[in-house]
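Trainee: This is final.pdb (PDB, C-alpha atoms, pLDDT in the B column).
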MODEL        1
ATOM      1  CA  MET A   1       7.671   4.988 -21.136  1.00 28.00           C
ATOM      2  CA  SER A   2       7.964   1.285 -20.460  1.00 30.00           C
ATOM      3  CA  PHE A   3       9.117   1.879 -16.871  1.00 33.00           C
ATOM      4  CA  LEU A   4       5.600   3.128 -16.083  1.00 36.00           C
ATOM      5  CA  ARG A   5       4.031  -0.215 -16.996  1.00 36.00           C
ATOM      6  CA  ARG A   6       3.021  -2.320 -14.043  1.00 35.00           C
ATOM      7  CA  ARG A   7       4.658  -5.713 -13.767  1.00 38.00           C
ATOM      8  CA  SER A   8       1.492  -7.315 -12.435  1.00 42.00           C
ATOM      9  CA  ALA A   9      -1.177  -8.419 -14.904  1.00 44.00           C
ATOM     10  CA  THR A  10      -3.929  -6.700 -12.900  1.00 47.00           C
ATOM     11  CA  PRO A  11      -2.846  -3.287 -11.651  1.00 50.00           C
ATOM     12  CA  ALA A  12      -4.557  -2.379  -8.422  1.00 59.00           C
ATOM     13  CA  GLY A  13      -3.917   1.345  -8.683  1.00 72.00           C
ATOM     14  CA  PRO A  14      -2.569   3.629  -6.007  1.00 84.00           C
ATOM     15  CA  ASP A  15      -3.377   3.195  -2.334  1.00 82.00           C
ATOM     16  CA  PHE A  16      -3.433   6.988  -1.866  1.00 87.00           C
ATOM     17  CA  ASP A  17      -5.558   9.802  -3.266  1.00 89.00           C
ATOM     18  CA  VAL A  18      -4.261  11.290  -6.506  1.00 92.00           C
ATOM     19  CA  LEU A  19      -4.566  15.059  -6.579  1.00 91.00           C
ATOM     20  CA  ALA A  20      -4.911  16.459 -10.103  1.00 91.00           C
ATOM     21  CA  MET A  21      -7.316  18.195 -12.463  1.00 88.00           C
ATOM     22  CA  ASP A  22     -10.454  16.283 -13.371  1.00 86.00           C
ATOM     23  CA  PRO A  23     -10.008  14.777 -16.860  1.00 80.00           C
ATOM     24  CA  GLY A  24     -13.524  15.971 -17.730  1.00 80.00           C
ATOM     25  CA  ASP A  25     -12.396  19.558 -17.151  1.00 76.00           C
ATOM     26  CA  TRP A  26      -9.447  19.259 -19.560  1.00 74.00           C
ATOM     27  CA  PRO A  27     -10.063  20.011 -23.255  1.00 74.00           C
ATOM     28  CA  GLY A  28      -7.082  18.002 -24.604  1.00 76.00           C
ATOM     29  CA  ASN A  29      -5.818  14.448 -24.285  1.00 83.00           C
ATOM     30  CA  LEU A  30      -5.000  12.894 -20.918  1.00 84.00           C
ATOM     31  CA  GLY A  31      -2.688  10.003 -20.135  1.00 86.00           C
ATOM     32  CA  ALA A  32      -1.922   8.418 -16.768  1.00 86.00           C
ATOM     33  CA  GLY A  33       0.997   6.263 -15.703  1.00 86.00           C
ATOM     34  CA  LEU A  34       1.657   4.241 -12.575  1.00 87.00           C
ATOM     35  CA  LEU A  35       5.180   3.813 -11.242  1.00 89.00           C
ATOM     36  CA  PRO A  36       5.299   0.288  -9.777  1.00 86.00           C
ATOM     37  CA  ALA A  37       7.616  -1.114  -7.117  1.00 83.00           C
ATOM     38  CA  PRO A  38       8.952  -4.669  -7.532  1.00 83.00           C
ATOM     39  CA  ASP A  39       6.298  -5.893  -5.049  1.00 82.00           C
ATOM     40  CA  GLY A  40       3.511  -4.438  -7.228  1.00 79.00           C
ATOM     41  CA  SER A  41       2.716  -1.518  -4.934  1.00 82.00           C
ATOM     42  CA  CYS A  42       2.228   1.892  -6.491  1.00 86.00           C
ATOM     43  CA  GLN A  43       5.204   4.234  -6.021  1.00 90.00           C
ATOM     44  CA  GLY A  44       3.662   7.146  -7.878  1.00 92.00           C
ATOM     45  CA  VAL A  45       1.064   8.343 -10.356  1.00 93.00           C
ATOM     46  CA  PHE A  46       1.747  10.731 -13.227  1.00 92.00           C
ATOM     47  CA  LEU A  47      -0.906  12.474 -15.281  1.00 92.00           C
ATOM     48  CA  ARG A  48       0.047  13.931 -18.647  1.00 90.00           C
ATOM     49  CA  TYR A  49      -2.212  16.661 -19.988  1.00 90.00           C
ATOM     50  CA  ASP A  50      -1.800  17.308 -23.718  1.00 86.00           C
ATOM     51  CA  LEU A  51      -3.161  20.474 -25.284  1.00 71.00           C
ATOM     52  CA  PHE A  52      -0.916  20.376 -28.319  1.00 62.00           C
ATOM     53  CA  GLY A  53      -2.794  17.850 -30.479  1.00 62.00           C
ATOM     54  CA  GLY A  54      -0.367  14.984 -29.993  1.00 63.00           C
ATOM     55  CA  ARG A  55       2.760  17.133 -30.325  1.00 63.00           C
ATOM     56  CA  GLY A  56       3.641  16.858 -26.661  1.00 64.00           C
ATOM     57  CA  PRO A  57       2.241  17.546 -23.224  1.00 76.00           C
ATOM     58  CA  ALA A  58       1.379  20.927 -21.842  1.00 84.00           C
ATOM     59  CA  MET A  59       1.609  19.703 -18.257  1.00 92.00           C
ATOM     60  CA  ILE A  60       2.565  16.718 -16.115  1.00 94.00           C
ATOM     61  CA  ILE A  61       1.269  16.344 -12.554  1.00 95.00           C
ATOM     62  CA  GLY A  62       2.947  13.742 -10.354  1.00 96.00           C
ATOM     63  CA  ASN A  63       1.875  12.338  -6.997  1.00 96.00           C
ATOM     64  CA  LEU A  64       4.695  10.502  -5.172  1.00 96.00           C
ATOM     65  CA  PRO A  65       4.067   8.889  -1.774  1.00 94.00           C
ATOM     66  CA  GLU A  66       6.650   8.888   0.982  1.00 92.00           C
ATOM     67  CA  GLY A  67       9.390   6.358   0.208  1.00 91.00           C
ATOM     68  CA  SER A  68       9.040   6.560  -3.567  1.00 93.00           C
ATOM     69  CA  PRO A  69      12.513   6.394  -5.160  1.00 91.00           C
ATOM     70  CA  ALA A  70      11.428   8.981  -7.757  1.00 92.00           C
ATOM     71  CA  ARG A  71      11.378  11.588  -4.954  1.00 93.00           C
ATOM     72  CA  ASP A  72      15.136  11.276  -4.389  1.00 90.00           C
ATOM     73  CA  THR A  73      16.967  13.963  -6.352  1.00 90.00           C
ATOM     74  CA  ALA A  74      20.488  15.260  -5.958  1.00 90.00           C
ATOM     75  CA  GLU A  75      21.348  18.943  -5.587  1.00 89.00           C
ATOM     76  CA  GLY A  76      20.500  20.723  -8.867  1.00 89.00           C
ATOM     77  CA  GLU A  77      18.792  17.633 -10.345  1.00 94.00           C
ATOM     78  CA  ILE A  78      15.387  18.140 -11.940  1.00 97.00           C
ATOM     79  CA  PRO A  79      12.270  16.394 -10.573  1.00 97.00           C
ATOM     80  CA  PHE A  80      11.133  13.208 -12.286  1.00 95.00           C
ATOM     81  CA  GLU A  81       8.104  14.998 -13.758  1.00 96.00           C
ATOM     82  CA  VAL A  82      10.314  17.578 -15.499  1.00 96.00           C
ATOM     83  CA  ALA A  83      12.429  14.757 -16.945  1.00 95.00           C
ATOM     84  CA  GLN A  84       9.253  13.091 -18.251  1.00 92.00           C
ATOM     85  CA  LEU A  85       8.084  16.368 -19.777  1.00 93.00           C
ATOM     86  CA  LEU A  86      11.407  16.804 -21.598  1.00 93.00           C
ATOM     87  CA  LEU A  87      11.351  13.177 -22.754  1.00 90.00           C
ATOM     88  CA  ALA A  88       7.808  13.503 -24.100  1.00 86.00           C
ATOM     89  CA  LEU A  89       8.750  16.690 -25.929  1.00 87.00           C
ATOM     90  CA  GLU A  90      11.858  14.946 -27.339  1.00 88.00           C
ATOM     91  CA  ASN A  91      13.954  17.722 -25.845  1.00 90.00           C
ATOM     92  CA  ASP A  92      17.356  16.297 -24.914  1.00 90.00           C
ATOM     93  CA  GLU A  93      19.067  19.445 -23.665  1.00 91.00           C
ATOM     94  CA  GLU A  94      20.544  19.386 -20.174  1.00 94.00           C
ATOM     95  CA  VAL A  95      18.262  21.111 -17.661  1.00 96.00           C
ATOM     96  CA  THR A  96      19.125  21.791 -14.033  1.00 96.00           C
ATOM     97  CA  VAL A  97      17.488  23.411 -11.018  1.00 97.00           C
ATOM     98  CA  VAL A  98      19.161  26.772 -10.448  1.00 96.00           C
ATOM     99  CA  GLY A  99      17.076  28.008  -7.513  1.00 95.00           C
ATOM    100  CA  SER A 100      13.813  27.759  -5.593  1.00 96.00           C
ATOM    101  CA  GLU A 101      11.400  29.982  -3.720  1.00 96.00           C
ATOM    102  CA  ASP A 102       8.796  28.984  -1.122  1.00 96.00           C
ATOM    103  CA  MET A 103       5.481  30.795  -1.218  1.00 94.00           C
ATOM    104  CA  PRO A 104       2.098  30.364   0.546  1.00 94.00           C
ATOM    105  CA  VAL A 105      -0.924  29.483  -1.612  1.00 89.00           C
ATOM    106  CA  MET A 106      -4.513  28.731  -0.603  1.00 84.00           C
ATOM    107  CA  GLN A 107      -6.179  25.624  -2.008  1.00 78.00           C
ATOM    108  CA  GLY A 108      -9.747  25.730  -0.799  1.00 76.00           C
ATOM    109  CA  ASP A 109      -9.446  25.939   2.997  1.00 82.00           C
ATOM    110  CA  ASN A 110      -5.902  24.554   3.023  1.00 81.00           C
ATOM    111  CA  LEU A 111      -2.714  26.586   3.116  1.00 86.00           C
ATOM    112  CA  LEU A 112      -0.005  25.096   0.922  1.00 87.00           C
ATOM    113  CA  ILE A 113       3.652  26.009   1.065  1.00 93.00           C
ATOM    114  CA  VAL A 114       4.522  25.782  -2.614  1.00 95.00           C
ATOM    115  CA  ARG A 115       8.135  25.486  -3.707  1.00 96.00           C
ATOM    116  CA  ARG A 116       8.561  27.200  -7.079  1.00 97.00           C
ATOM    117  CA  LEU A 117      11.633  25.775  -8.833  1.00 97.00           C
ATOM    118  CA  LYS A 118      13.669  27.928 -11.167  1.00 97.00           C
ATOM    119  CA  LEU A 119      15.150  25.855 -13.988  1.00 97.00           C
ATOM    120  CA  SER A 120      17.911  26.515 -16.488  1.00 96.00           C
ATOM    121  CA  GLU A 121      15.286  26.050 -19.245  1.00 95.00           C
ATOM    122  CA  GLY A 122      13.034  29.110 -18.912  1.00 94.00           C
ATOM    123  CA  ARG A 123      10.136  27.584 -20.880  1.00 94.00           C
ATOM    124  CA  ILE A 124       9.493  25.055 -18.087  1.00 96.00           C
ATOM    125  CA  SER A 125       7.499  26.062 -15.012  1.00 96.00           C
ATOM    126  CA  CYS A 126       7.686  23.716 -12.032  1.00 97.00           C
ATOM    127  CA  VAL A 127       6.149  23.774  -8.558  1.00 97.00           C
ATOM    128  CA  GLN A 128       6.055  21.244  -5.715  1.00 97.00           C
ATOM    129  CA  PHE A 129       4.161  20.924  -2.462  1.00 95.00           C
ATOM    130  CA  ASP A 130       3.751  18.284   0.238  1.00 93.00           C
ATOM    131  CA  ARG A 131       0.267  17.164   1.173  1.00 90.00           C
ATOM    132  CA  SER A 132      -0.769  16.370   4.744  1.00 86.00           C
ATOM    133  CA  ASP A 133      -0.559  12.624   3.916  1.00 89.00           C
ATOM    134  CA  ASN A 134       3.136  13.022   2.879  1.00 91.00           C
ATOM    135  CA  VAL A 135       2.457  12.716  -0.849  1.00 94.00           C
ATOM    136  CA  LEU A 136       4.647  15.055  -2.887  1.00 96.00           C
ATOM    137  CA  VAL A 137       2.774  16.770  -5.728  1.00 96.00           C
ATOM    138  CA  THR A 138       4.888  18.143  -8.588  1.00 97.00           C
ATOM    139  CA  ILE A 139       3.465  20.138 -11.488  1.00 97.00           C
ATOM    140  CA  ALA A 140       5.635  20.716 -14.544  1.00 97.00           C
ATOM    141  CA  ALA A 141       4.306  22.821 -17.426  1.00 94.00           C
ATOM    142  CA  TRP A 142       5.789  23.614 -20.829  1.00 91.00           C
ATOM    143  CA  ASP A 143       5.740  27.152 -22.162  1.00 89.00           C
ATOM    144  CA  ARG A 144       3.079  28.459 -19.753  1.00 85.00           C
ATOM    145  CA  PRO A 145       3.318  29.824 -16.225  1.00 89.00           C
ATOM    146  CA  ILE A 146       1.725  28.006 -13.296  1.00 91.00           C
ATOM    147  CA  THR A 147      -0.625  30.492 -11.655  1.00 89.00           C
ATOM    148  CA  ASP A 148      -2.495  30.356  -8.342  1.00 86.00           C
ATOM    149  CA  ASP A 149      -5.710  29.629 -10.279  1.00 86.00           C
ATOM    150  CA  LEU A 150      -4.421  26.125 -11.035  1.00 87.00           C
ATOM    151  CA  TYR A 151      -4.458  25.097  -7.354  1.00 87.00           C
ATOM    152  CA  ALA A 152      -8.228  25.720  -7.212  1.00 85.00           C
ATOM    153  CA  LEU A 153      -8.693  23.125  -9.994  1.00 86.00           C
ATOM    154  CA  LEU A 154      -6.808  20.358  -8.162  1.00 89.00           C
ATOM    155  CA  LYS A 155      -8.928  17.708  -6.468  1.00 89.00           C
ATOM    156  CA  PRO A 156      -8.697  14.014  -5.585  1.00 90.00           C
ATOM    157  CA  LEU A 157      -9.514  11.829  -8.573  1.00 88.00           C
ATOM    158  CA  PRO A 158     -11.637   8.696  -8.116  1.00 82.00           C
ATOM    159  CA  ALA A 159      -9.584   5.515  -7.524  1.00 78.00           C
ATOM    160  CA  GLU A 160     -11.566   3.781 -10.300  1.00 78.00           C
ATOM    161  CA  LEU A 161      -9.726   5.980 -12.818  1.00 79.00           C
ATOM    162  CA  PHE A 162      -6.565   3.972 -12.093  1.00 78.00           C
ATOM    163  CA  GLN A 163      -8.091   0.473 -12.113  1.00 69.00           C
ATOM    164  CA  GLN A 164      -7.890  -2.032 -14.948  1.00 59.00           C
ATOM    165  CA  GLY A 165      -9.626  -5.319 -15.477  1.00 50.00           C
TER     166      GLY A 165
ENDMDL
END
Can you present the structure in this file as structure tokens?

Mentor:
Amino acid sequence: MSFLRRRSATPAGPDFDVLAMDPGDWPGNLGAGLLPAPDGSCQGVFLRYDLFGGRGPAMIIGNLPEGSPARDTAEGEIPFEVAQLLLALENDEEVTVVGSEDMPVMQGDNLLIVRRLKLSEGRISCVQFDRSDNVLVTIAAWDRPITDDLYALLKPLPAELFQQG
């Protein structure tokens, strides 16, 4: 995933809160990637949660701020996070979005309008929601449904998690 490497020698991390599950709460391996813009700003953060002992991720959670080119998808095109999940699993079959459904979900005291995407590959679950700061959160999971319980586990991660140097 070389496109996730920052071009700057000292990545500054995102200038927005990253909403995901705390790495300390996850029993498997965790990887994080920053999607840099040519000017060095952060155009997105992707967290890869691996429960399969190095055989591929169970889940990818992406946070894309407004203006991120990874948010632009054509009709029927899968979200970037789903593409990354398929790439990590070395699954090269063509997958498309065949439908979507909006549903209300509570996350703490906040009401989220969650868009549940239906994909041509039934083993992938994918949901998206917009935060109040215009960051798009996408969750893509392999071979497990995304239930309402997951939203209760999401919280802002400390910025230090994405700093190097």

Trainee: With only C-alpha atoms as the counted atoms, please give the residues lying no more than 12 Å from segment 120-123 of chain A, apart from itself and same-chain residues fewer than 2 positions off, as a count of residues only.

Mentor: 30

Trainee: Pick out the residues sitting within 7 Å of segment 20-32 of chain A, and hand them over as a list of chain:residue names; count all atoms listed in the file, and ignore anything fewer than 6 positions along from it in its own chain.

Mentor: A:Phe46, A:Leu47, A:Arg48, A:Tyr49, A:Asp50, A:Leu51, A:Ile61, A:Leu153, A:Leu154, A:Lys155, A:Pro156, A:Leu157

Trainee: Please produce a file of those selected residues containing C-alpha atoms, as a short mmCIF file (atom, residue, chain, number, x, y, z; two decimals), in the frame of the given file.

Mentor:
data_model
loop_
_atom_site.label_atom_id
_atom_site.label_comp_id
_atom_site.auth_asym_id
_atom_site.auth_seq_id
_atom_site.Cartn_x
_atom_site.Cartn_y
_atom_site.Cartn_z
CA PHE A 46 1.75 10.73 -13.23
CA LEU A 47 -0.91 12.47 -15.28
CA ARG A 48 0.05 13.93 -18.65
CA TYR A 49 -2.21 16.66 -19.99
CA ASP A 50 -1.80 17.31 -23.72
CA LEU A 51 -3.16 20.47 -25.28
CA ILE A 61 1.27 16.34 -12.55
CA LEU A 153 -8.69 23.12 -9.99
CA LEU A 154 -6.81 20.36 -8.16
CA LYS A 155 -8.93 17.71 -6.47
CA PRO A 156 -8.70 14.01 -5.58
CA LEU A 157 -9.51 11.83 -8.57
#

Trainee: Go ahead and compute the interatomic distance for atom CA of Met103 of chain A and atom CA of Arg115 of chain A, in Å to one decimal.

Mentor: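 Separation of atom CA of Met103 of chain A and atom CA of Arg115 of chain A: 6.4 Å.
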
Trainee: Would you compute the distance between atom CA of Gly13 of chain A and atom CA of Gly67 of chain A? Give it in Å to one decimal.

Mentor: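 Atom CA of Gly13 of chain A sits 16.8 Å away from atom CA of Gly67 of chain A.
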
Trainee: Do you have the atom CA of Leu19 of chain A-atom CA of Asn63 of chain A distance handy?

Mentor: 7.0 Å

Trainee: Mind telling me what the PyMOL selection byres ((chain A and resi 129) around 8) catches here, as a PyMOL selection string?

Mentor: chain A and resi 112-115+127-128+130-131+136-138

Trainee: Kindly resolve the PyMOL selection byres ((chain A and resi 33-35) around 6) on the present coordinates and return the residues as a list in words.

Mentor: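 Given this file, the PyMOL selection byres ((chain A and resi 33-35) around 6) evaluates to Leu4, Ala32, Pro36, Cys42, Gln43, Gly44, Val45 and Phe46 of chain A.
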
Trainee: What does the PyMOL selection byres ((chain A and resi 108) around 12) select in this file, as a list in words?

Mentor: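 So the PyMOL selection byres ((chain A and resi 108) around 12), applied here, picks out Val105, Met106, Gln107, Asp109, Asn110, Leu111, Leu112, Asp148, Asp149, Leu150, Tyr151, Ala152, Leu153, Leu154 and Lys155 of chain A.
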